[in-house]
file my_file-v8.cif (mmCIF, C-alpha atoms)
data_upload
#
loop_
_atom_site.label_atom_id
_atom_site.label_comp_id
_atom_site.auth_asym_id
_atom_site.auth_seq_id
_atom_site.Cartn_x
_atom_site.Cartn_y
_atom_site.Cartn_z
CA MET A 1 0.00 0.00 0.00
CA ARG A 2 0.95 3.63 -0.49
CA VAL A 3 0.11 5.42 2.77
CA ILE A 4 0.16 9.14 3.51
CA LEU A 5 0.93 9.99 7.13
CA THR A 6 0.20 13.61 7.99
CA GLY A 7 2.44 15.03 10.71
CA ILE A 8 5.20 12.49 10.00
CA CYS A 9 7.61 14.09 12.48
CA GLY A 10 5.30 13.63 15.45
CA MET A 11 5.59 10.90 18.05
CA VAL A 12 2.69 8.76 16.82
CA ALA A 13 3.25 9.19 13.09
CA SER A 14 6.95 8.33 13.40
CA HIS A 15 6.14 5.07 15.21
CA LEU A 16 3.46 4.24 12.63
CA ALA A 17 5.97 4.95 9.85
CA ASP A 18 8.38 2.48 11.45
CA LEU A 19 5.70 -0.20 11.45
CA LEU A 20 4.53 0.46 7.89
CA ILE A 21 8.08 0.36 6.55
CA GLU A 22 8.77 -2.85 8.48
CA LYS A 23 5.69 -4.41 6.82
CA GLY A 24 6.80 -3.34 3.34
CA HIS A 25 4.45 -0.42 2.66
CA GLU A 26 5.33 2.84 0.91
CA VAL A 27 5.18 5.86 3.22
CA ILE A 28 4.53 9.45 2.16
CA GLY A 29 5.11 11.77 5.11
CA THR A 30 3.84 15.34 5.29
CA TYR A 31 5.54 17.96 7.42
CA ARG A 32 5.68 21.70 8.06
CA TRP A 33 8.85 23.58 7.19
CA GLN A 34 9.76 24.32 10.83
CA GLU A 35 9.39 20.73 12.07
CA ASP A 36 11.82 18.97 14.40
CA MET A 37 12.91 15.97 12.30
CA SER A 38 14.66 14.04 15.07
CA ASN A 39 11.92 11.40 15.38
CA ILE A 40 12.40 10.27 11.78
CA ASN A 41 16.13 10.79 11.18
CA HIS A 42 16.62 7.02 11.21
CA ILE A 43 14.09 6.44 8.39
CA LYS A 44 14.21 9.66 6.32
CA ASP A 45 15.82 7.84 3.41
CA LYS A 46 12.92 5.35 3.39
CA ILE A 47 10.13 7.96 3.31
CA THR A 48 8.96 10.36 0.64
CA MET A 49 8.89 13.65 2.54
CA VAL A 50 6.35 16.24 1.36
CA PRO A 51 5.83 19.73 2.81
CA MET A 52 2.15 20.40 3.51
CA ASN A 53 0.27 23.10 5.38
CA LEU A 54 -3.21 21.92 6.42
CA ASN A 55 -4.45 25.53 6.41
CA ASP A 56 -3.56 25.88 2.71
CA PHE A 57 -6.21 24.05 0.68
CA SER A 58 -4.35 24.31 -2.62
CA ASN A 59 -1.27 22.78 -1.00
CA VAL A 60 -3.29 19.93 0.52
CA PHE A 61 -5.09 19.31 -2.78
CA SER A 62 -1.84 19.17 -4.75
CA VAL A 63 -0.38 16.56 -2.40
CA ILE A 64 -3.45 14.31 -2.58
CA ASP A 65 -3.72 14.75 -6.35
CA LYS A 66 -0.06 13.92 -6.93
CA TYR A 67 0.28 10.85 -4.72
CA LYS A 68 -3.27 9.39 -4.70
CA PRO A 69 -2.58 7.05 -1.76
CA ASP A 70 -4.33 3.80 -0.94
CA ALA A 71 -4.71 4.95 2.67
CA ILE A 72 -4.26 8.06 4.78
CA SER A 73 -3.66 8.32 8.50
CA HIS A 74 -4.36 11.89 9.56
CA LEU A 75 -2.18 12.44 12.62
CA ALA A 76 -1.06 16.06 12.14
CA ALA A 77 -2.43 18.41 14.79
CA GLU A 78 -1.76 21.28 17.11
CA SER A 79 -1.62 18.77 19.95
CA TYR A 80 -0.41 20.64 23.04
CA VAL A 81 -3.52 21.36 25.09
CA SER A 82 -1.92 24.08 27.23
CA ASP A 83 -0.80 26.03 24.14
CA SER A 84 -4.29 25.81 22.68
CA PHE A 85 -5.52 28.18 25.40
CA SER A 86 -3.00 30.79 24.27
CA PHE A 87 -3.58 30.20 20.55
CA PRO A 88 -7.19 28.96 20.20
CA HIS A 89 -7.60 30.11 16.61
CA GLU A 90 -4.55 28.13 15.51
CA ALA A 91 -5.63 25.00 17.39
CA ILE A 92 -9.15 25.02 15.96
CA SER A 93 -7.99 26.03 12.48
CA VAL A 94 -5.37 23.27 12.16
CA ASN A 95 -7.26 20.52 13.97
CA GLY A 96 -10.71 21.29 12.60
CA LEU A 97 -10.52 23.28 9.38
CA GLY A 98 -7.29 21.54 8.40
CA THR A 99 -9.17 18.25 8.52
CA LEU A 100 -11.91 19.82 6.38
CA ASN A 101 -9.28 20.81 3.80
CA LEU A 102 -7.92 17.26 3.76
CA LEU A 103 -11.31 15.57 3.40
CA GLU A 104 -12.51 17.99 0.75
CA ALA A 105 -9.29 17.55 -1.24
CA ILE A 106 -9.73 13.77 -1.13
CA ARG A 107 -13.37 14.09 -2.24
CA ILE A 108 -12.58 16.32 -5.22
CA VAL A 109 -9.61 14.24 -6.37
CA ARG A 110 -11.65 11.04 -6.00
CA ASP A 111 -14.64 12.37 -7.93
CA THR A 112 -12.51 13.98 -10.64
CA ASN A 113 -10.26 10.95 -11.06
CA ASN A 114 -13.07 8.42 -11.07
CA ASN A 115 -15.06 10.38 -13.68
CA CYS A 116 -12.18 10.39 -16.15
CA SER A 117 -12.47 7.84 -18.93
CA ASP A 118 -8.69 7.42 -19.14
CA ARG A 119 -8.10 6.85 -15.43
CA LEU A 120 -5.57 4.14 -14.60
CA SER A 121 -7.27 3.02 -11.41
CA GLU A 122 -10.00 4.08 -9.05
CA PHE A 123 -8.96 6.42 -6.24
CA ASP A 124 -10.95 5.77 -3.06
CA PRO A 125 -8.57 5.67 -0.08
CA ILE A 126 -9.08 4.37 3.44
CA ILE A 127 -9.01 7.45 5.69
CA HIS A 128 -8.08 7.19 9.35
CA ILE A 129 -8.98 10.36 11.25
CA CYS A 130 -7.26 10.57 14.61
CA SER A 131 -9.71 12.23 16.99
CA SER A 132 -9.06 12.30 20.75
CA SER A 133 -10.46 11.27 24.11
CA GLU A 134 -10.38 15.00 24.89
CA VAL A 135 -13.63 15.40 22.93
CA TYR A 136 -15.49 13.86 25.89
CA GLY A 137 -14.27 16.48 28.34
CA LEU A 138 -15.11 16.13 32.02
CA VAL A 139 -17.12 12.93 32.43
CA LYS A 140 -19.21 12.08 35.49
CA GLN A 141 -18.39 9.03 37.59
CA GLU A 142 -21.62 7.31 36.56
CA ASP A 143 -20.54 7.52 32.90
CA ILE A 144 -17.30 5.59 33.49
CA PRO A 145 -16.03 3.70 31.54
CA ILE A 146 -16.51 6.04 28.60
CA THR A 147 -18.19 4.55 25.53
CA GLU A 148 -18.27 5.96 22.01
CA ASN A 149 -21.85 7.13 22.72
CA GLN A 150 -20.75 9.55 25.43
CA LYS A 151 -21.72 13.10 24.47
CA PHE A 152 -19.07 15.60 23.46
CA SER A 153 -18.12 18.18 26.07
CA PRO A 154 -14.77 19.69 24.98
CA ALA A 155 -12.93 21.51 27.74
CA ASN A 156 -10.25 23.30 25.72
CA PRO A 157 -9.63 24.73 22.22
CA TYR A 158 -7.60 21.68 21.20
CA ALA A 159 -10.59 19.46 21.95
CA CYS A 160 -12.96 21.81 20.12
CA GLY A 161 -10.84 21.40 16.99
CA LYS A 162 -10.86 17.64 17.43
CA VAL A 163 -14.68 17.61 17.80
CA LEU A 164 -14.93 19.40 14.46
CA ALA A 165 -12.53 16.91 12.85
CA ASP A 166 -14.50 14.01 14.30
CA VAL A 167 -17.92 15.15 13.06
CA LEU A 168 -16.52 16.16 9.68
CA ALA A 169 -15.14 12.66 9.19
CA GLN A 170 -18.57 11.22 9.97
CA MET A 171 -20.31 13.70 7.70
CA TYR A 172 -17.98 13.00 4.78
CA TYR A 173 -18.71 9.30 5.15
CA THR A 174 -22.48 9.76 5.45
CA ASN A 175 -22.95 12.33 2.69
CA TYR A 176 -20.04 11.78 0.31
CA GLY A 177 -19.15 8.15 0.90
CA LEU A 178 -15.54 8.76 1.89
CA LYS A 179 -14.11 5.69 3.61
CA THR A 180 -13.41 7.30 6.97
CA ILE A 181 -12.70 5.57 10.28
CA ARG A 182 -12.29 7.61 13.46
CA THR A 183 -10.28 6.75 16.55
CA ARG A 184 -10.50 8.41 19.94
CA MET A 185 -7.22 7.41 21.55
CA PHE A 186 -6.83 7.87 25.28
CA THR A 187 -3.57 8.84 27.00
CA HIS A 188 -0.57 7.46 25.13
CA PHE A 189 3.08 8.44 25.09
CA SER A 190 6.56 7.20 24.28
CA TYR A 191 10.18 8.28 24.54
CA ARG A 192 9.72 10.26 21.31
CA ARG A 193 7.19 12.70 22.74
CA LYS A 194 8.42 16.29 22.47
CA MET A 195 5.47 18.33 23.75
CA LYS A 196 5.42 19.20 27.44
CA SER A 197 2.76 16.77 28.61
CA ALA A 198 2.88 15.87 32.30
CA GLU A 199 5.07 12.78 31.98
CA VAL A 200 7.52 14.55 29.66
CA ASN A 201 7.67 17.60 31.91
CA PHE A 202 8.42 15.42 34.94
CA ALA A 203 11.02 13.32 33.14
CA GLU A 204 12.83 16.41 31.87
CA GLN A 205 12.90 17.98 35.32
CA ILE A 206 14.28 14.81 36.90
CA ALA A 207 16.91 14.39 34.18
CA GLU A 208 18.06 17.96 34.79
CA PHE A 209 18.17 17.40 38.57
CA GLU A 210 20.36 14.34 38.04
CA ARG A 211 22.69 16.31 35.79
CA LEU A 212 23.06 19.07 38.37
CA ASP A 213 23.60 16.55 41.15
CA ASN A 214 26.50 15.02 39.23
CA LEU A 215 28.30 18.33 38.84
CA GLU A 216 31.43 18.79 40.92
CA THR A 217 30.50 21.58 43.31
CA SER A 218 32.07 23.15 46.37
CA PRO A 219 30.44 22.43 49.76
CA GLU A 220 28.87 25.88 49.94
CA CYS A 221 26.85 25.37 46.75
CA TYR A 222 25.99 21.71 47.27
CA ILE A 223 22.30 21.12 46.53
CA ASN A 224 20.40 19.40 49.35
CA TYR A 225 17.18 18.95 47.43
CA PHE A 226 15.46 19.73 44.14
CA THR A 227 11.93 21.11 43.73
CA LEU A 228 9.83 19.44 41.04
CA LYS A 229 6.96 21.64 39.82
CA HIS A 230 3.65 20.02 38.94
CA GLY A 231 -0.03 20.74 38.27
CA ASN A 232 -3.08 18.68 39.21
CA LEU A 233 -1.95 15.26 40.46
CA ASP A 234 -5.44 13.85 41.00
CA SER A 235 -6.48 13.47 37.36
CA ILE A 236 -7.01 9.83 36.44
CA ARG A 237 -5.63 8.52 33.16
CA THR A 238 -5.60 5.21 31.31
CA TRP A 239 -2.06 4.85 30.01
CA ALA A 240 -0.75 3.18 26.85
CA ASP A 241 2.47 3.26 24.87
CA ALA A 242 2.31 4.97 21.48
CA ARG A 243 4.10 1.97 19.96
CA ASP A 244 1.09 -0.15 20.91
CA ALA A 245 -1.34 2.55 19.74
CA VAL A 246 0.05 2.54 16.20
CA LYS A 247 -0.48 -1.22 15.96
CA ALA A 248 -4.18 -0.46 16.32
CA TYR A 249 -3.95 2.21 13.61
CA TYR A 250 -2.11 -0.21 11.35
CA LEU A 251 -4.96 -2.72 11.61
CA ILE A 252 -7.48 -0.02 10.72
CA LEU A 253 -5.48 0.99 7.64
CA THR A 254 -4.82 -2.52 6.38
CA GLN A 255 -7.85 -4.48 7.62
CA PRO A 256 -10.79 -2.08 7.81
CA ILE A 257 -13.93 -3.75 9.18
CA LYS A 258 -16.52 -1.03 8.69
CA PHE A 259 -16.27 2.48 7.29
CA GLY A 260 -17.93 5.37 9.09
CA GLU A 261 -17.04 3.67 12.39
CA VAL A 262 -15.58 5.27 15.51
CA TYR A 263 -13.47 3.50 18.11
CA ASN A 264 -12.26 4.26 21.60
CA ILE A 265 -8.73 2.91 21.99
CA GLY A 266 -6.71 2.91 25.18
CA GLY A 267 -4.44 1.03 27.51
CA ASN A 268 -5.30 -1.06 30.53
CA THR A 269 -3.17 0.70 33.15
CA ILE A 270 -5.14 3.22 35.21
CA LYS A 271 -3.15 5.65 37.35
CA THR A 272 -3.46 9.21 38.57
CA ILE A 273 -0.95 11.80 37.41
CA GLY A 274 0.40 11.70 40.96
CA GLU A 275 0.96 7.94 40.84
CA MET A 276 2.73 8.31 37.52
CA LEU A 277 4.94 11.03 39.02
CA ASP A 278 5.79 8.91 42.04
CA TYR A 279 6.88 6.09 39.76
CA ILE A 280 9.16 8.33 37.69
CA ILE A 281 10.75 9.70 40.86
CA SER A 282 11.29 6.15 42.16
CA LEU A 283 13.50 5.45 39.13
CA SER A 284 15.94 8.23 39.98
CA PRO A 285 19.10 7.62 42.03
CA ILE A 286 18.44 10.98 43.73
CA LYS A 287 14.80 10.26 44.53
CA ASN A 288 15.32 11.22 48.19
CA LYS A 289 16.42 14.69 47.13
CA ILE A 290 13.34 15.45 45.05
CA LYS A 291 10.48 17.41 46.61
CA LYS A 292 7.17 18.07 44.88
CA GLN A 293 5.57 21.51 44.69
CA GLN A 294 2.36 22.53 42.95
CA ASP A 295 2.78 25.33 40.43
CA PRO A 296 -0.35 27.47 39.94
CA LYS A 297 0.74 28.10 36.33
CA LEU A 298 0.34 24.39 35.61
CA MET A 299 -3.20 24.20 36.95
CA ARG A 300 -6.07 24.42 34.45
CA LYS A 301 -9.25 26.29 35.29
CA TYR A 302 -11.29 23.37 33.94
CA ASP A 303 -9.50 20.05 33.96
CA VAL A 304 -10.42 16.70 32.45
CA THR A 305 -10.02 14.37 35.41
CA LEU A 306 -11.55 10.99 34.48
CA GLN A 307 -10.16 9.35 31.36
CA ILE A 308 -11.16 5.69 31.54
CA PRO A 309 -12.34 4.19 28.22
CA ASP A 310 -14.58 1.33 27.23
CA CYS A 311 -12.66 -0.25 24.32
CA PHE A 312 -15.00 -3.22 23.84
CA LYS A 313 -15.96 -2.28 20.29
CA PHE A 314 -12.39 -2.06 19.01
CA ARG A 315 -11.25 -5.20 20.81
CA SER A 316 -14.25 -7.07 19.39
CA ASP A 317 -13.50 -6.01 15.82
CA TYR A 318 -9.73 -6.44 16.18
CA PRO A 319 -9.11 -9.20 18.75
CA GLU A 320 -5.56 -9.62 17.43
CA TRP A 321 -4.55 -6.21 18.86
CA LYS A 322 -2.40 -6.67 21.95
CA LEU A 323 -0.84 -4.28 24.47
CA GLU A 324 2.75 -5.44 24.67
CA ILE A 325 4.64 -2.58 26.33
CA SER A 326 4.04 -2.08 30.04
CA PHE A 327 3.46 1.29 31.67
CA GLU A 328 6.66 0.79 33.67
CA GLN A 329 8.75 0.11 30.57
CA SER A 330 7.28 3.14 28.78
CA ILE A 331 8.19 5.40 31.69
CA LYS A 332 11.70 3.95 31.92
CA ASP A 333 12.24 4.49 28.19
CA LEU A 334 11.00 8.08 28.45
CA LEU A 335 13.24 8.97 31.39
CA GLU A 336 16.27 7.38 29.75
CA GLU A 337 15.66 9.36 26.55
CA LYS A 338 15.40 12.64 28.47
CA ARG A 339 18.63 11.81 30.27
CA LYS A 340 20.33 11.41 26.89
CA CYS A 341 18.94 14.74 25.71
CA ILE A 342 20.12 16.54 28.86
CA ASN A 343 23.58 15.03 28.72
#
call {"tool": "encode", "arguments": {"input": "my_file-v8.cif", "output": "structure tokens"}}
result
Amino acid sequence: MRVILTGICGMVASHLADLLIEKGHEVIGTYRWQEDMSNINHIKDKITMVPMNLNDFSNVFSVIDKYKPDAISHLAAESYVSDSFSFPHEAISVNGLGTLNLLEAIRIVRDTNNNCSDRLSEFDPIIHICSSSEVYGLVKQEDIPITENQKFSPANPYACGKVLADVLAQMYYTNYGLKTIRTRMFTHFSYRRKMKSAEVNFAEQIAEFERLDNLETSPECYINYFTLKHGNLDSIRTWADARDAVKAYYLILTQPIKFGEVYNIGGNTIKTIGEMLDYIISLSPIKNKIKKQQDPKLMRKYDVTLQIPDCFKFRSDYPEWKLEISFEQSIKDLLEEKRKCIN
């Protein structure tokens, strides 16, 4: 298959690219000119890299028209929730209207190509739209675990953009027959994550503390303890490794069961942010020197605190999908990567 991955430089897309290449598929990766390429340096020579701005319809159209892929996994997004509060227009434009540009470009190219008498083959790609568990917002205890029928209640501009992407994907299936499949992935991460999510923020702070502790210092400037800044530690998350998440996406792209479908996907490890933090600290040789302190700047006015999914539908359709990387291993890999970056 020829597969377009939007946002190829991101954590998830880079892991999915690894898997697709391993399985022998052709990967077309889209990126923005200012992207950090470090996640794909090891496979750049195996990918066709294409610059694409989701806010530029003509650019999006030209990419789809040129490559006419068999499948598309739409993973590009303004994905940092905290930044979306500062730049709501950008978050909603990229995540929502950017998805509209992509779907409309696919529709026009499909209809134009398939109406030509001299066409070489029919263009009608499988389209994976990566939505988010954030579309559900703050869910009541009685609605846990969260099913795909849970109403939308976005709590931030990032989530608002994802709601628009989600409903657009459904609408383009219902009204235009595009072969869309939506996923609402719950908390997932890996050592490749660059954005300052909680686990990355904590790992980077600890790696820096360890570096400072190893410096040769005189007795008068010896550091007795380090203060780790954090936000809300009571939020509950269901954790998964991004390397397991992309195995689910791969199945959707290569073995689609039903178009127009939506799936919750998530891990099976449930921990609060505080429990996750305690585990990261436990891995540090200077754990007894680390003190925790809440930072008001890291507290959200309206926080999503219960993220526990019901993944029965996906597991029923794809029983072969397995979670193979433990929460503990994911955290260890993340901390080790941040240590390498610091040093």
call {"tool": "closest_residue", "arguments": {"input": "my_file-v8.cif", "among": "A:Glu148, A:Asp244, A:Asp295, A:Asp18", "to": "Phe312 (chain A)", "atoms": "only C-alpha atoms"}}
result
A:Glu148
call {"tool": "closest_residue", "arguments": {"input": "my_file-v8.cif", "among": "A:Pro309, A:Pro145, A:Gly98, A:Gly260", "to": "Thr180 (chain A)", "atoms": "all atoms listed in the file"}}
result
A:Gly260
call {"tool": "resolve_selection", "arguments": {"input": "my_file-v8.cif", "expression": "the PyMOL selection byres ((chain A and resi 158) around 6)", "output": "ChimeraX atom specification"}}
result
/A:81,84,91,156-157,159-161
call {"tool": "residues_near_point", "arguments": {"input": "my_file-v8.cif", "point": "(-15.3, 19.2, 16.3)", "cutoff": "10 Å", "atoms": "only C-alpha atoms", "output": "compact mmCIF listing (two decimals) with C-alpha atoms, in the coordinates of the input"}}
result
# COMPACT_ATOMS: atom_id res chain seq x y z
CA ILE A 92 -9.15 25.02 15.96
CA ASN A 95 -7.26 20.52 13.97
CA GLY A 96 -10.71 21.29 12.60
CA LEU A 97 -10.52 23.28 9.38
CA THR A 99 -9.17 18.25 8.52
CA SER A 131 -9.71 12.23 16.99
CA VAL A 135 -13.63 15.40 22.93
CA PHE A 152 -19.07 15.60 23.46
CA PRO A 154 -14.77 19.69 24.98
CA PRO A 157 -9.63 24.73 22.22
CA TYR A 158 -7.60 21.68 21.20
CA ALA A 159 -10.59 19.46 21.95
CA CYS A 160 -12.96 21.81 20.12
CA GLY A 161 -10.84 21.40 16.99
CA LYS A 162 -10.86 17.64 17.43
CA VAL A 163 -14.68 17.61 17.80
CA LEU A 164 -14.93 19.40 14.46
CA ALA A 165 -12.53 16.91 12.85
CA ASP A 166 -14.50 14.01 14.30
CA VAL A 167 -17.92 15.15 13.06
CA LEU A 168 -16.52 16.16 9.68
CA ALA A 169 -15.14 12.66 9.19
call {"tool": "atom_distance", "arguments": {"input": "my_file-v8.cif", "atom1": "CA of Met185 (chain A)", "atom2": "CA of Glu134 (chain A)"}}
result
8.9 Å
call {"tool": "axis_aligned_box", "arguments": {"input": "my_file-v8.cif", "around": "region 3-14 of chain A", "padding_each_side": "8 Å", "output": "JSON"}}
result
{"center_x": 3.9, "center_y": 10.2, "center_z": 10.4, "size_x": 23.5, "size_y": 25.6, "size_z": 31.3}
call {"tool": "residues_around", "arguments": {"input": "my_file-v8.cif", "residues": "region 199-214 of chain A", "least_positions_apart": "5", "cutoff": "9 Å", "atoms": "all atoms listed in the file", "output": "ChimeraX atom specification"}}
result
/A:189,191,193-194,222-223,226-230,273,276-277,280-281,284-287,290,331,334-343
call {"tool": "closest_residue", "arguments": {"input": "my_file-v8.cif", "among": "A:Ile270, A:Val262, A:Ile257, A:Leu19", "to": "Trp239 (chain A)", "atoms": "all atoms listed in the file"}}
result
A:Ile270
